[in-house]
>>> print(open('coords.cif').read())   # mmCIF, C-alpha atoms
data_upload
#
loop_
_atom_site.label_atom_id
_atom_site.label_comp_id
_atom_site.auth_asym_id
_atom_site.auth_seq_id
_atom_site.Cartn_x
_atom_site.Cartn_y
_atom_site.Cartn_z
CA MET T 343 16.97 -8.86 -4.17
CA LEU T 344 19.32 -11.73 -4.99
CA VAL T 345 17.38 -14.99 -5.21
CA PRO T 346 19.32 -18.27 -5.64
CA VAL T 347 18.56 -19.77 -9.04
CA ALA T 348 18.46 -23.30 -7.64
CA LEU T 349 15.79 -22.35 -5.14
CA LEU T 350 13.78 -20.54 -7.78
CA ALA T 351 13.93 -23.68 -9.88
CA VAL T 352 12.26 -25.49 -6.97
CA LEU T 353 9.65 -22.77 -6.59
CA LEU T 354 8.96 -22.34 -10.30
CA GLY T 355 9.57 -25.78 -11.67
CA GLY T 356 9.11 -28.26 -8.88
CA GLY T 357 5.40 -27.66 -8.58
CA TYR T 358 4.80 -27.89 -12.30
CA VAL T 359 6.84 -31.08 -12.58
CA ALA T 360 4.79 -32.58 -9.76
CA ALA T 361 1.60 -31.47 -11.49
CA ASP T 362 2.80 -32.98 -14.76
CA VAL T 363 3.54 -36.28 -13.04
CA ALA T 364 0.05 -36.29 -11.53
CA ASP T 365 -1.51 -35.47 -14.94
CA VAL T 366 -2.95 -32.20 -13.62
CA VAL T 367 -1.27 -30.09 -16.30
CA PRO T 368 0.04 -30.93 -19.78
CA GLY T 369 3.43 -32.63 -19.94
CA VAL T 370 5.44 -35.73 -20.70
CA LEU T 371 5.47 -37.22 -17.19
CA THR T 372 2.81 -39.35 -15.50
CA THR T 373 2.05 -41.64 -12.58
CA ARG T 374 -0.58 -43.59 -14.52
CA PRO T 375 0.15 -47.28 -15.11
CA GLU T 376 2.01 -47.99 -18.33
CA ARG T 377 -0.41 -48.76 -21.16
CA ARG T 378 -0.11 -52.16 -22.79
CA PRO T 379 1.31 -51.79 -26.34
CA ASP T 380 -1.11 -51.76 -29.27
CA PRO T 381 -0.66 -54.28 -32.08
CA PRO T 382 1.90 -53.22 -34.71
CA PHE T 383 0.53 -50.75 -37.25
CA PRO T 384 2.36 -48.99 -40.07
CA GLN T 385 3.51 -45.56 -38.93
CA ALA T 386 5.05 -42.68 -40.78
CA GLU T 387 8.49 -41.77 -39.48
CA VAL T 388 8.51 -38.59 -37.41
CA PRO T 389 11.34 -36.86 -35.57
CA ALA T 390 11.83 -37.91 -31.95
CA ALA T 391 10.30 -35.54 -29.42
CA GLU T 392 12.82 -33.24 -27.78
CA ALA T 393 13.22 -33.43 -24.03
CA PRO T 394 11.75 -30.44 -22.19
CA ASP T 395 14.19 -27.75 -21.22
CA ALA T 396 15.44 -27.85 -17.65
CA VAL T 397 14.01 -25.21 -15.36
CA THR T 398 16.78 -22.70 -14.70
CA GLY T 399 14.85 -19.94 -12.99
CA PRO T 400 12.40 -17.18 -13.78
CA ASP T 401 12.49 -14.87 -16.76
CA GLU T 402 13.57 -11.56 -15.28
CA THR T 403 11.92 -9.77 -18.20
CA ALA T 404 8.49 -11.31 -17.47
CA ALA T 405 5.84 -8.72 -16.78
CA GLN T 406 4.76 -8.04 -13.23
CA PRO T 407 1.05 -8.39 -12.46
CA ALA T 408 -0.71 -5.14 -13.32
CA ALA T 409 -1.85 -3.00 -10.41
CA ASP T 410 -5.35 -2.67 -11.87
CA ASP T 411 -5.69 -6.45 -12.11
CA LEU T 412 -4.59 -6.91 -8.50
CA ASP T 413 -6.97 -4.18 -7.32
CA ALA T 414 -9.82 -5.89 -9.16
CA ILE T 415 -9.27 -9.37 -7.74
CA THR T 416 -8.98 -8.02 -4.19
CA ALA T 417 -12.12 -5.94 -4.64
CA GLN T 418 -13.91 -9.15 -5.57
CA LEU T 419 -12.50 -10.84 -2.45
CA LEU T 420 -13.58 -8.00 -0.18
CA GLY T 421 -17.06 -8.05 -1.68
CA HIS T 422 -17.63 -11.71 -0.87
CA ALA T 423 -20.36 -12.35 1.71
CA ALA T 424 -18.09 -14.67 3.74
CA VAL T 425 -15.30 -12.10 4.09
CA GLY T 426 -15.71 -9.85 7.09
CA SER T 427 -12.20 -8.35 7.01
CA ALA T 428 -9.02 -8.99 5.07
CA GLY T 429 -5.34 -8.24 4.78
CA VAL T 430 -3.50 -8.80 1.51
CA LEU T 431 0.07 -8.39 0.28
CA VAL T 432 1.66 -9.37 -3.05
CA THR T 433 5.42 -8.85 -3.46
CA ASP T 434 7.74 -9.51 -6.41
CA VAL T 435 10.26 -12.12 -5.28
CA LEU T 436 13.02 -10.99 -7.64
CA THR T 437 12.93 -7.32 -6.70
CA GLY T 438 11.27 -7.27 -3.29
CA GLU T 439 8.85 -4.64 -4.61
CA ASP T 440 5.36 -4.57 -3.16
CA LEU T 441 2.88 -4.87 -6.02
CA HIS T 442 -0.36 -4.72 -4.03
CA ALA T 443 -1.28 -4.19 -0.40
CA VAL T 444 -4.47 -3.95 1.65
CA ALA T 445 -4.15 -3.74 5.45
CA ALA T 446 -0.78 -5.43 4.95
CA ASP T 447 0.81 -3.97 8.08
CA GLU T 448 -2.15 -4.68 10.33
CA THR T 449 -2.12 -7.89 12.35
CA HIS T 450 -4.76 -10.56 11.81
CA VAL T 451 -5.56 -13.98 13.28
CA PRO T 452 -3.18 -16.17 11.24
CA ALA T 453 -4.45 -19.70 11.91
CA SER T 454 -1.99 -22.28 10.56
CA THR T 455 0.03 -19.84 8.47
CA THR T 456 1.74 -19.45 11.86
CA LYS T 457 3.55 -22.68 10.98
CA LEU T 458 5.40 -20.88 8.19
CA LEU T 459 7.10 -18.64 10.76
CA THR T 460 7.80 -21.63 13.00
CA ALA T 461 9.49 -23.53 10.18
CA VAL T 462 11.59 -20.56 9.03
CA ALA T 463 12.78 -19.75 12.55
CA ALA T 464 13.56 -23.37 13.44
CA VAL T 465 15.58 -24.15 10.32
CA ALA T 466 17.39 -20.80 10.62
CA ALA T 467 18.18 -21.30 14.32
CA ALA T 468 19.05 -25.01 14.46
CA GLY T 469 19.81 -25.98 10.85
CA ALA T 470 17.95 -28.37 8.57
CA ASP T 471 20.19 -31.25 9.66
CA HIS T 472 19.38 -30.96 13.36
CA ARG T 473 17.91 -34.11 14.95
CA PHE T 474 15.96 -34.47 18.19
CA GLU T 475 17.59 -36.99 20.52
CA THR T 476 15.80 -39.29 22.95
CA ARG T 477 18.30 -40.52 25.52
CA VAL T 478 18.64 -43.02 28.32
CA VAL T 479 21.02 -42.10 31.12
CA ASP T 480 22.36 -43.91 34.16
CA ASP T 481 21.56 -41.62 37.07
CA GLY T 482 23.04 -43.73 39.83
CA ASP T 483 20.07 -45.60 41.29
CA ARG T 484 17.98 -45.84 38.11
CA VAL T 485 18.03 -45.53 34.34
CA VAL T 486 16.12 -42.51 33.09
CA LEU T 487 14.35 -41.96 29.78
CA VAL T 488 14.99 -38.32 28.85
CA GLY T 489 12.59 -36.66 26.43
CA GLY T 490 14.42 -34.45 23.96
CA GLY T 491 11.60 -33.21 21.78
CA ASP T 492 11.06 -36.14 19.39
CA LEU T 493 7.28 -36.39 19.08
CA ALA T 494 7.42 -38.78 16.14
CA LEU T 495 8.92 -41.85 17.79
CA ALA T 496 8.01 -45.35 16.66
CA GLU T 497 6.69 -47.63 19.39
CA GLY T 498 8.76 -50.49 18.00
CA VAL T 499 11.69 -50.51 15.59
CA GLY T 500 12.44 -47.25 13.82
CA ASP T 501 12.37 -46.83 10.04
CA PRO T 502 15.44 -44.98 8.72
CA ASP T 503 13.52 -44.02 5.56
CA ALA T 504 10.57 -42.52 7.44
CA VAL T 505 9.99 -39.05 8.82
CA VAL T 506 7.41 -40.09 11.41
CA GLY T 507 8.72 -43.22 13.12
CA HIS T 508 12.33 -42.61 12.14
CA ALA T 509 13.59 -43.42 15.66
CA GLY T 510 12.16 -46.38 17.57
CA LEU T 511 11.71 -47.01 21.27
CA ALA T 512 12.43 -50.71 20.72
CA ASP T 513 15.81 -49.74 19.27
CA LEU T 514 16.47 -47.51 22.26
CA ALA T 515 15.55 -50.35 24.64
CA ALA T 516 17.81 -52.78 22.78
CA ALA T 517 20.75 -50.41 23.01
CA THR T 518 20.02 -49.79 26.68
CA ALA T 519 19.84 -53.53 27.42
CA ALA T 520 23.14 -54.11 25.60
CA SER T 521 24.84 -51.42 27.68
CA LEU T 522 23.43 -52.85 30.92
CA THR T 523 24.47 -56.38 29.96
CA GLU T 524 28.04 -55.23 29.35
CA ARG T 525 28.13 -54.10 32.98
CA GLY T 526 26.43 -57.18 34.31
CA VAL T 527 23.23 -55.34 35.25
CA THR T 528 20.05 -57.39 34.85
CA SER T 529 17.55 -55.44 37.00
CA VAL T 530 16.78 -51.70 37.04
CA THR T 531 14.27 -49.11 38.10
CA VAL T 532 13.19 -46.59 35.46
CA GLY T 533 12.68 -42.83 35.64
CA LEU T 534 11.24 -40.29 33.20
CA ASP T 535 12.59 -36.77 32.69
CA VAL T 536 10.32 -34.36 30.77
CA GLY T 537 12.18 -31.19 31.70
CA TYR T 538 12.88 -30.31 28.05
CA TYR T 539 9.53 -28.47 28.20
CA VAL T 540 8.36 -26.16 30.97
CA GLY T 541 5.14 -24.33 31.73
CA PRO T 542 1.53 -25.33 31.00
CA ASP T 543 0.84 -28.19 28.60
CA MET T 544 -2.00 -26.23 26.89
CA PRO T 545 -1.95 -22.54 25.81
CA PRO T 546 -4.82 -20.01 25.68
CA ARG T 547 -7.78 -20.92 23.46
CA TRP T 548 -6.97 -24.62 23.14
CA ASP T 549 -10.09 -26.34 24.44
CA ASP T 550 -11.82 -29.68 24.89
CA GLU T 551 -13.22 -29.59 21.37
CA ASP T 552 -9.71 -29.20 19.94
CA LEU T 553 -8.63 -32.20 22.01
CA ALA T 554 -11.64 -34.27 20.93
CA ILE T 555 -10.97 -33.82 17.20
CA GLY T 556 -7.22 -34.38 17.53
CA ASP T 557 -6.12 -30.84 16.69
CA ALA T 558 -4.58 -30.46 20.16
CA MET T 559 -2.75 -32.59 22.70
CA HIS T 560 -1.42 -32.09 26.21
CA MET T 561 2.17 -31.34 25.24
CA ALA T 562 5.17 -33.36 26.41
CA PRO T 563 8.72 -33.61 25.02
CA LEU T 564 8.35 -37.16 23.68
CA ALA T 565 5.51 -39.02 22.03
CA ILE T 566 4.79 -42.02 19.83
CA ASP T 567 3.51 -41.15 16.33
CA ILE T 568 2.80 -37.52 17.33
CA GLY T 569 0.30 -38.85 19.87
CA ARG T 570 -2.03 -40.29 17.26
CA GLN T 571 -4.23 -43.30 18.01
CA GLU T 572 -5.34 -45.78 15.40
CA GLY T 573 -9.06 -45.55 14.74
CA ARG T 574 -9.56 -42.50 16.97
CA ARG T 575 -9.46 -38.80 16.27
CA GLU T 576 -8.22 -37.64 19.68
CA ARG T 577 -4.55 -37.88 20.59
CA VAL T 578 -3.32 -39.76 23.65
CA ALA T 579 -3.96 -38.07 26.98
CA ASP T 580 -0.45 -38.74 28.35
CA PRO T 581 2.05 -38.96 25.48
CA ALA T 582 5.14 -39.15 27.70
CA GLY T 583 3.55 -41.82 29.87
CA GLU T 584 2.66 -43.89 26.82
CA ALA T 585 6.21 -43.56 25.50
CA VAL T 586 7.91 -44.62 28.72
CA ALA T 587 5.49 -47.55 29.08
CA ALA T 588 6.43 -48.74 25.59
CA PHE T 589 10.11 -48.32 26.46
CA VAL T 590 9.70 -50.39 29.65
CA ASP T 591 7.87 -53.15 27.75
CA ALA T 592 10.64 -53.24 25.15
CA LEU T 593 13.30 -53.29 27.87
CA VAL T 594 11.61 -56.27 29.51
CA ALA T 595 11.41 -58.00 26.13
CA GLU T 596 15.18 -57.60 25.93
CA GLY T 597 15.55 -59.62 29.16
CA VAL T 598 15.97 -56.77 31.64
CA THR T 599 13.92 -56.88 34.85
CA VAL T 600 12.21 -53.57 35.61
CA GLU T 601 11.32 -53.11 39.28
CA GLY T 602 8.70 -50.78 40.73
CA GLU T 603 6.83 -47.92 39.08
CA VAL T 604 8.28 -45.32 36.72
CA ALA T 605 9.23 -42.19 38.67
CA ASP T 606 9.17 -38.62 37.36
CA VAL T 607 12.68 -37.28 37.93
CA THR T 608 15.12 -34.60 36.88
CA VAL T 609 18.43 -36.12 35.87
CA SER T 610 21.55 -34.84 37.55
CA PRO T 611 24.22 -33.05 35.46
CA ASP T 612 26.66 -35.92 35.95
CA ALA T 613 24.26 -38.62 34.68
CA VAL T 614 25.96 -40.83 32.10
CA GLU T 615 24.28 -41.45 28.74
CA ILE T 616 24.07 -45.14 27.91
CA ALA T 617 21.88 -45.11 24.79
CA SER T 618 20.15 -42.72 22.40
CA VAL T 619 18.14 -42.57 19.19
CA ALA T 620 17.75 -39.60 16.83
CA SER T 621 14.80 -38.29 14.85
CA ALA T 622 14.63 -37.56 11.15
CA PRO T 623 16.38 -34.30 10.18
CA LEU T 624 14.60 -31.10 11.16
CA GLY T 625 14.26 -30.10 7.50
CA ASP T 626 12.19 -33.22 6.83
CA LEU T 627 10.12 -32.76 9.98
CA ALA T 628 9.44 -29.10 9.15
CA ALA T 629 8.40 -30.03 5.61
CA TYR T 630 6.04 -32.72 6.95
CA MET T 631 4.62 -30.24 9.45
CA LEU T 632 3.93 -27.66 6.72
CA ARG T 633 2.53 -30.10 4.18
CA HIS T 634 0.10 -31.72 6.62
CA SER T 635 -0.44 -28.72 8.92
CA GLU T 636 0.54 -30.88 11.88
CA ASN T 637 -0.17 -28.84 15.01
CA ILE T 638 1.59 -30.99 17.59
CA LEU T 639 4.75 -31.27 15.54
CA ALA T 640 4.69 -27.48 15.10
CA GLU T 641 4.63 -27.02 18.85
CA GLY T 642 7.60 -29.35 19.28
CA ILE T 643 9.54 -27.51 16.59
CA GLY T 644 8.70 -24.21 18.28
CA ARG T 645 10.20 -25.46 21.54
CA LEU T 646 13.42 -26.20 19.64
CA VAL T 647 13.63 -22.53 18.66
CA ALA T 648 13.27 -21.60 22.32
CA HIS T 649 16.17 -23.89 23.26
CA ALA T 650 18.30 -22.58 20.39
CA THR T 651 17.84 -18.98 21.54
CA GLU T 652 17.99 -19.73 25.28
CA GLN T 653 14.40 -18.68 25.83
CA GLU T 654 12.15 -20.56 28.24
CA PRO T 655 10.99 -23.75 26.45
CA SER T 656 7.29 -22.97 26.97
CA PHE T 657 4.49 -21.78 24.72
CA THR T 658 5.34 -18.18 25.57
CA GLY T 659 9.09 -18.65 25.27
CA ALA T 660 8.77 -20.35 21.89
CA GLY T 661 6.74 -17.43 20.54
CA LEU T 662 9.33 -14.93 21.76
CA ALA T 663 12.13 -17.04 20.30
CA ILE T 664 10.53 -17.18 16.86
CA ALA T 665 10.12 -13.40 16.83
CA GLU T 666 13.79 -13.02 17.85
CA VAL T 667 15.07 -15.29 15.08
CA LEU T 668 12.88 -13.72 12.41
CA ASP T 669 13.98 -10.25 13.44
CA GLY T 670 17.59 -11.41 13.06
CA LEU T 671 16.78 -12.50 9.50
CA GLY T 672 15.54 -9.00 8.71
CA VAL T 673 11.85 -9.95 8.81
CA ASP T 674 9.46 -7.19 9.90
CA VAL T 675 7.89 -8.54 13.10
CA ALA T 676 5.95 -5.43 14.12
CA GLY T 677 2.84 -6.42 16.04
CA LEU T 678 3.70 -10.14 16.03
CA GLU T 679 2.07 -12.06 18.92
CA LEU T 680 2.46 -15.82 19.21
CA HIS T 681 0.77 -17.70 22.04
CA ASP T 682 1.44 -21.00 20.33
CA THR T 683 3.57 -21.99 17.34
CA SER T 684 0.97 -23.96 15.40
CA GLY T 685 -1.72 -21.31 14.92
CA LEU T 686 -4.44 -23.23 16.71
CA SER T 687 -4.79 -20.40 19.23
CA SER T 688 -7.00 -17.55 18.03
CA THR T 689 -5.01 -15.16 20.23
CA ASN T 690 -2.10 -15.15 17.78
CA ARG T 691 -1.60 -12.07 15.61
CA ILE T 692 0.53 -11.85 12.44
CA SER T 693 0.53 -9.30 9.63
CA PRO T 694 0.64 -10.12 5.91
CA ARG T 695 3.91 -8.16 5.92
CA THR T 696 5.54 -10.60 8.36
CA LEU T 697 4.35 -13.64 6.39
CA VAL T 698 5.59 -12.30 3.05
CA ALA T 699 8.87 -11.08 4.54
CA SER T 700 9.43 -14.61 5.87
CA LEU T 701 8.79 -16.03 2.38
CA LEU T 702 11.29 -13.57 0.93
CA ALA T 703 13.85 -14.63 3.54
CA VAL T 704 13.39 -18.23 2.40
CA ALA T 705 13.87 -17.23 -1.23
CA GLU T 706 17.10 -15.39 -0.39
CA ARG T 707 18.71 -18.15 1.67
CA PRO T 708 19.45 -21.64 0.27
CA GLU T 709 19.83 -23.01 3.80
CA LEU T 710 16.08 -22.43 4.28
CA GLY T 711 15.17 -24.47 1.22
CA ALA T 712 13.42 -27.13 3.32
CA VAL T 713 10.71 -24.56 4.06
CA ALA T 714 10.05 -23.93 0.37
CA ARG T 715 10.00 -27.65 -0.36
CA GLY T 716 7.54 -28.27 2.46
CA LEU T 717 4.87 -25.85 1.25
CA PRO T 718 1.93 -27.82 -0.18
CA VAL T 719 1.63 -27.59 -3.98
CA ALA T 720 -1.79 -26.51 -5.21
CA GLY T 721 -4.00 -29.37 -6.33
CA LEU T 722 -1.45 -32.00 -5.39
CA GLU T 723 -0.13 -32.11 -1.83
CA GLY T 724 -1.18 -32.02 1.77
CA THR T 725 -3.70 -29.36 2.71
CA LEU T 726 -3.84 -28.06 -0.88
CA SER T 727 -4.43 -31.46 -2.48
CA ASP T 728 -8.11 -30.75 -2.97
CA ARG T 729 -7.85 -27.02 -3.63
CA LEU T 730 -6.77 -24.97 -6.68
CA ARG T 731 -6.80 -28.11 -8.82
CA GLU T 732 -7.12 -26.38 -12.18
CA PRO T 733 -4.53 -24.48 -14.24
CA PRO T 734 -3.08 -21.91 -13.98
CA ALA T 735 -2.89 -22.37 -10.19
CA ALA T 736 -2.45 -26.17 -10.10
CA GLY T 737 1.21 -26.99 -9.69
CA LEU T 738 2.31 -23.35 -9.80
CA VAL T 739 1.14 -22.19 -6.38
CA ALA T 740 2.89 -23.47 -3.25
CA ALA T 741 1.43 -22.12 -0.03
CA LYS T 742 0.61 -22.70 3.64
CA THR T 743 -3.05 -22.88 4.48
CA GLY T 744 -4.81 -21.73 7.63
CA THR T 745 -8.34 -22.28 8.90
CA LEU T 746 -10.09 -21.59 12.21
CA ARG T 747 -13.76 -21.10 12.99
CA ALA T 748 -13.80 -17.46 11.78
CA THR T 749 -10.47 -17.23 9.95
CA ALA T 750 -9.09 -18.42 6.62
CA THR T 751 -5.59 -17.64 5.39
CA LEU T 752 -3.10 -18.58 2.69
CA ALA T 753 0.54 -17.52 2.27
CA GLY T 754 3.12 -18.71 -0.24
CA TYR T 755 4.47 -18.35 -3.75
CA ALA T 756 2.73 -18.16 -7.10
CA THR T 757 4.10 -18.08 -10.63
CA THR T 758 1.87 -15.91 -12.77
CA ASP T 759 0.84 -16.82 -16.29
CA ASP T 760 3.43 -14.31 -17.49
CA GLY T 761 6.13 -16.20 -15.57
CA ARG T 762 6.64 -13.74 -12.73
CA LEU T 763 7.31 -15.24 -9.28
CA VAL T 764 5.49 -13.47 -6.45
CA ALA T 765 5.13 -14.04 -2.72
CA PHE T 766 1.70 -13.41 -1.29
CA ALA T 767 -0.38 -13.53 1.86
CA VAL T 768 -4.16 -13.25 2.05
CA MET T 769 -5.79 -13.27 5.49
CA VAL T 770 -9.57 -13.29 5.91
CA GLY T 771 -11.20 -12.75 9.29
CA ASP T 772 -14.54 -12.13 10.96
CA VAL T 773 -16.06 -14.90 8.87
CA PRO T 774 -19.79 -15.34 9.67
CA THR T 775 -20.75 -18.53 11.49
CA GLY T 776 -20.98 -21.43 9.07
CA ALA T 777 -19.36 -19.52 6.20
CA ILE T 778 -15.76 -20.73 6.50
CA ALA T 779 -16.00 -22.86 3.34
CA GLY T 780 -17.13 -19.77 1.46
CA ALA T 781 -14.19 -17.78 2.84
CA ARG T 782 -11.74 -20.45 1.71
CA GLY T 783 -13.41 -20.50 -1.69
CA ALA T 784 -13.03 -16.73 -1.95
CA ILE T 785 -9.32 -17.05 -1.14
CA ASP T 786 -8.93 -19.77 -3.78
CA THR T 787 -10.67 -17.60 -6.36
CA TRP T 788 -8.33 -14.74 -5.47
CA THR T 789 -5.25 -16.98 -5.68
CA ALA T 790 -6.27 -18.50 -9.00
CA ALA T 791 -6.79 -15.00 -10.39
CA LEU T 792 -3.33 -13.99 -9.13
CA ALA T 793 -1.78 -16.97 -10.93
CA ALA T 794 -3.76 -16.08 -14.05
CA CYS T 795 -2.32 -12.57 -14.26
CA GLY T 796 -1.12 -12.15 -17.83
CA CYS T 797 -3.71 -14.48 -19.36
#
>>> encode(input="coords.cif", output="C-alpha cells")
Amino acid sequence: MLVPVALLAVLLGGGYVAADVADVVPGVLTTRPERRPDPPFPQAEVPAAEAPDAVTGPDETAAQPAADDLDAITAQLLGHAAVGSAGVLVTDVLTGEDLHAVAADETHVPASTTKLLTAVAAVAAAGADHRFETRVVDDGDRVVLVGGGDLALAEGVGDPDAVVGHAGLADLAAATAASLTERGVTSVTVGLDVGYYVGPDMPPRWDDEDLAIGDAMHMAPLAIDIGRQEGRRERVADPAGEAVAAFVDALVAEGVTVEGEVADVTVSPDAVEIASVASAPLGDLAAYMLRHSENILAEGIGRLVAHATEQEPSFTGAGLAIAEVLDGLGVDVAGLELHDTSGLSSTNRISPRTLVASLLAVAERPELGAVARGLPVAGLEGTLSDRLREPPAAGLVAAKTGTLRATATLAGYATTDDGRLVAFAVMVGDVPTGAIAGARGAIDTWTAALAACGC
C-alpha cells in the first residue's frame, strides 16, 4: 500500500506536536504563558539545543504489534463486565495487512463512527473545497430564499475566518437590497424554498429525548448556527423558519419593505439569482463535524453526497449515496446499512472492516486529508479531549468516537510505541443498562494498550 509521506507526517507527527504544545508529552513546545526571566546568575556555557528533527513519515522497519499482544488486549476487552459483544480490527497502514481481527466482518451498531464514512464520502464526492450556497432569486412576483444545505449560517454578518458562521444572513440581505435598489425596487414579498431536502425530517429511532438534549433536530436545508440556541440544550424547532425570519428582518433593516407573510414555494427553473453567500469549505466543515461529533452537520453533509451522486436527498438516499461512493473508493461495504449519516439512529449497521477500509482509503489519498486532520487527537481535541490523556496514547491516537445507550465505538489511527502506524476499529455492543461509561473505559484501555505495543 502506497501511503503519501505528507499525510503520514500529519498522522504520526501532528498529534504529537499538538500534545507537545499542550504539555501532555515531553517536548520543546508549549502553550503556557512565558515565564518572567530570573535574575542574572553565572552559568556555565553549554552547546545550544538542536531543533527536533522534522517528521518525515514512519519507519518502515518498525516492528508490527505482535499477534500475541493483540490477542491478549482483546481478551481483556471481551472479559470486561460492560462489554456484551465486540468487533475488532487492527490493520497495518503501510502494508494493508490485517494484524488482528475479531468479528471484523460482522456488522455492529456504529454510533457516531458513522460520521467517518460520511466525511470520507462527502470529501471524495464533492471535494474539500466545495461550499454550500444560500441564494436569493427573483421568481417574478417575489424574492425567494433558497436553502442550499448551509446549516452553519450566521444570523448577522458572516465571519470569513470562522467555520460555523462563515456566511451571514445579514450579508445576504445587504446584497439582495443592493440588487433591488439598482432596479428601483423598494417593496417585495418573500418566499422560502427548502426543496434541497426531501422526505421526512426525522429518521427511524430519533425520538423526543434526542430532541430535548439537542442531539437531534427536525432537518431543513438551512439553519442558523446548526440550530443551536443560547442557554438551551434543544435545537430550534423550525430552523428554516428561523433563518428566513432573520433574513426578512435584515432585509427590512436595509430599507426594503417586506409585504405579507413568507410563503413556502418551489422556485421555477428560470428564476434569476440576485444574491448569494457561501459556507466555509467542506473540508473545514467535515473536520469540525468529526472533531465535535456534530450530528446535525453530519446529516447536512450526508445530503450533499446524495446530491453529488444523484440519489434522493433524503435520509435513505444519503445512506445509499455514501455506500456508493465508498464502494467506488474500493472500500468493502458488505452489510452496510445507513438510516442516517450521523450515527444517532441505532438501526445503522457498519462492520469494523468498512471503518478500517475507509481509514486506509484516507491514508492512500491526499485529497482526503481533511478527514485525517478532523479526527480528534487523544487527550487534546473534541470528543477525545478528556480521554486517553496519558502517554503513549496521548497525542499519538487520532480517532472518531461513538456512543449510544448500549453502544460504544472508536475508529482511527494509532502509532505504536515501536513507531508502527495502524488503523483500527473497536465496536462494543449490548452494553448493560447504566454501564456505558465502563464500556468506553474498556475501549480506552484497549486503545492505550494498542499504542503501547513495543513497550
>>> residues_near_point(input="coords.cif", point="(-9.2, -14.9, 2.8)", cutoff="10 Å", atoms="all atoms listed in the file", output="PDB file with C-alpha atoms, in the coordinates of the input")
ATOM      1  CA  THR T 416      -8.980  -8.020  -4.190  1.00  0.00           C
ATOM      2  CA  LEU T 419     -12.500 -10.840  -2.450  1.00  0.00           C
ATOM      3  CA  LEU T 420     -13.580  -8.000  -0.180  1.00  0.00           C
ATOM      4  CA  HIS T 422     -17.630 -11.710  -0.870  1.00  0.00           C
ATOM      5  CA  ALA T 424     -18.090 -14.670   3.740  1.00  0.00           C
ATOM      6  CA  VAL T 425     -15.300 -12.100   4.090  1.00  0.00           C
ATOM      7  CA  GLY T 426     -15.710  -9.850   7.090  1.00  0.00           C
ATOM      8  CA  SER T 427     -12.200  -8.350   7.010  1.00  0.00           C
ATOM      9  CA  ALA T 428      -9.020  -8.990   5.070  1.00  0.00           C
ATOM     10  CA  GLY T 429      -5.340  -8.240   4.780  1.00  0.00           C
ATOM     11  CA  VAL T 430      -3.500  -8.800   1.510  1.00  0.00           C
ATOM     12  CA  GLY T 744      -4.810 -21.730   7.630  1.00  0.00           C
ATOM     13  CA  THR T 745      -8.340 -22.280   8.900  1.00  0.00           C
ATOM     14  CA  THR T 749     -10.470 -17.230   9.950  1.00  0.00           C
ATOM     15  CA  ALA T 750      -9.090 -18.420   6.620  1.00  0.00           C
ATOM     16  CA  THR T 751      -5.590 -17.640   5.390  1.00  0.00           C
ATOM     17  CA  LEU T 752      -3.100 -18.580   2.690  1.00  0.00           C
ATOM     18  CA  ALA T 767      -0.380 -13.530   1.860  1.00  0.00           C
ATOM     19  CA  VAL T 768      -4.160 -13.250   2.050  1.00  0.00           C
ATOM     20  CA  MET T 769      -5.790 -13.270   5.490  1.00  0.00           C
ATOM     21  CA  VAL T 770      -9.570 -13.290   5.910  1.00  0.00           C
ATOM     22  CA  GLY T 771     -11.200 -12.750   9.290  1.00  0.00           C
ATOM     23  CA  VAL T 773     -16.060 -14.900   8.870  1.00  0.00           C
ATOM     24  CA  ILE T 778     -15.760 -20.730   6.500  1.00  0.00           C
ATOM     25  CA  GLY T 780     -17.130 -19.770   1.460  1.00  0.00           C
ATOM     26  CA  ALA T 781     -14.190 -17.780   2.840  1.00  0.00           C
ATOM     27  CA  ARG T 782     -11.740 -20.450   1.710  1.00  0.00           C
ATOM     28  CA  GLY T 783     -13.410 -20.500  -1.690  1.00  0.00           C
ATOM     29  CA  ALA T 784     -13.030 -16.730  -1.950  1.00  0.00           C
ATOM     30  CA  ILE T 785      -9.320 -17.050  -1.140  1.00  0.00           C
ATOM     31  CA  ASP T 786      -8.930 -19.770  -3.780  1.00  0.00           C
ATOM     32  CA  THR T 787     -10.670 -17.600  -6.360  1.00  0.00           C
ATOM     33  CA  TRP T 788      -8.330 -14.740  -5.470  1.00  0.00           C
ATOM     34  CA  THR T 789      -5.250 -16.980  -5.680  1.00  0.00           C
TER      35      THR T 789
END
>>> atom_distance(input="coords.cif", atom1="atom CA of T:Val604", atom2="atom CA of T:Asp580")
13.8 Å
>>> residues_near_point(input="coords.cif", point="(12.9, -42.0, 40.3)", cutoff="10 Å", atoms="all atoms listed in the file", output="number ranges by chain")
T: 481, 483-486, 531-535, 602-609
>>> residues_around(input="coords.cif", residues="T:Ala736", least_positions_apart="5", cutoff="6 Å", atoms="all atoms listed in the file", output="list in words")
Ala720, Gly721, Leu730 and Arg731 of chain T
>>> write_last_selection(input="coords.cif", atoms="C-alpha atoms", output="short mmCIF file (atom, residue, chain, number, x, y, z; two decimals), in the frame of the given file")
data_model
loop_
_atom_site.label_atom_id
_atom_site.label_comp_id
_atom_site.auth_asym_id
_atom_site.auth_seq_id
_atom_site.Cartn_x
_atom_site.Cartn_y
_atom_site.Cartn_z
CA ALA T 720 -1.79 -26.51 -5.21
CA GLY T 721 -4.00 -29.37 -6.33
CA LEU T 730 -6.77 -24.97 -6.68
CA ARG T 731 -6.80 -28.11 -8.82
#
>>> resolve_selection(input="coords.cif", expression="the PyMOL selection byres ((chain T and resi 547) around 8)", output="ChimeraX atom specification")
/T:545-546,548-549,686-689
>>> resolve_selection(input="coords.cif", expression="the PyMOL selection byres ((chain T and resi 743) around 9)", output="PyMOL selection string")
chain T and resi 453-455+632+635+718+725-726+741-742+744-745+750-754
>>> resolve_selection(input="coords.cif", expression="the PyMOL selection byres ((chain T and resi 564) around 12)", output="MDAnalysis selection string")
chainID T and resid 474:477 487:497 509:511 534:539 560:563 565:569 578 580:586 588:589 620:621 638:639 641:642
>>> residues_around(input="coords.cif", residues="T:Leu662", least_positions_apart="5", cutoff="12 Å", atoms="all atoms listed in the file", output="JSON, numbers by chain")
{"T": [459, 460, 463, 644, 645, 647, 648, 649, 650, 651, 652, 653, 654, 655, 656, 657, 667, 668, 669, 675, 678, 679, 680, 681, 682, 683]}
>>> atom_distance(input="coords.cif", atom1="atom CA of T:Ala515", atom2="atom CA of T:Glu601")
15.5 Å
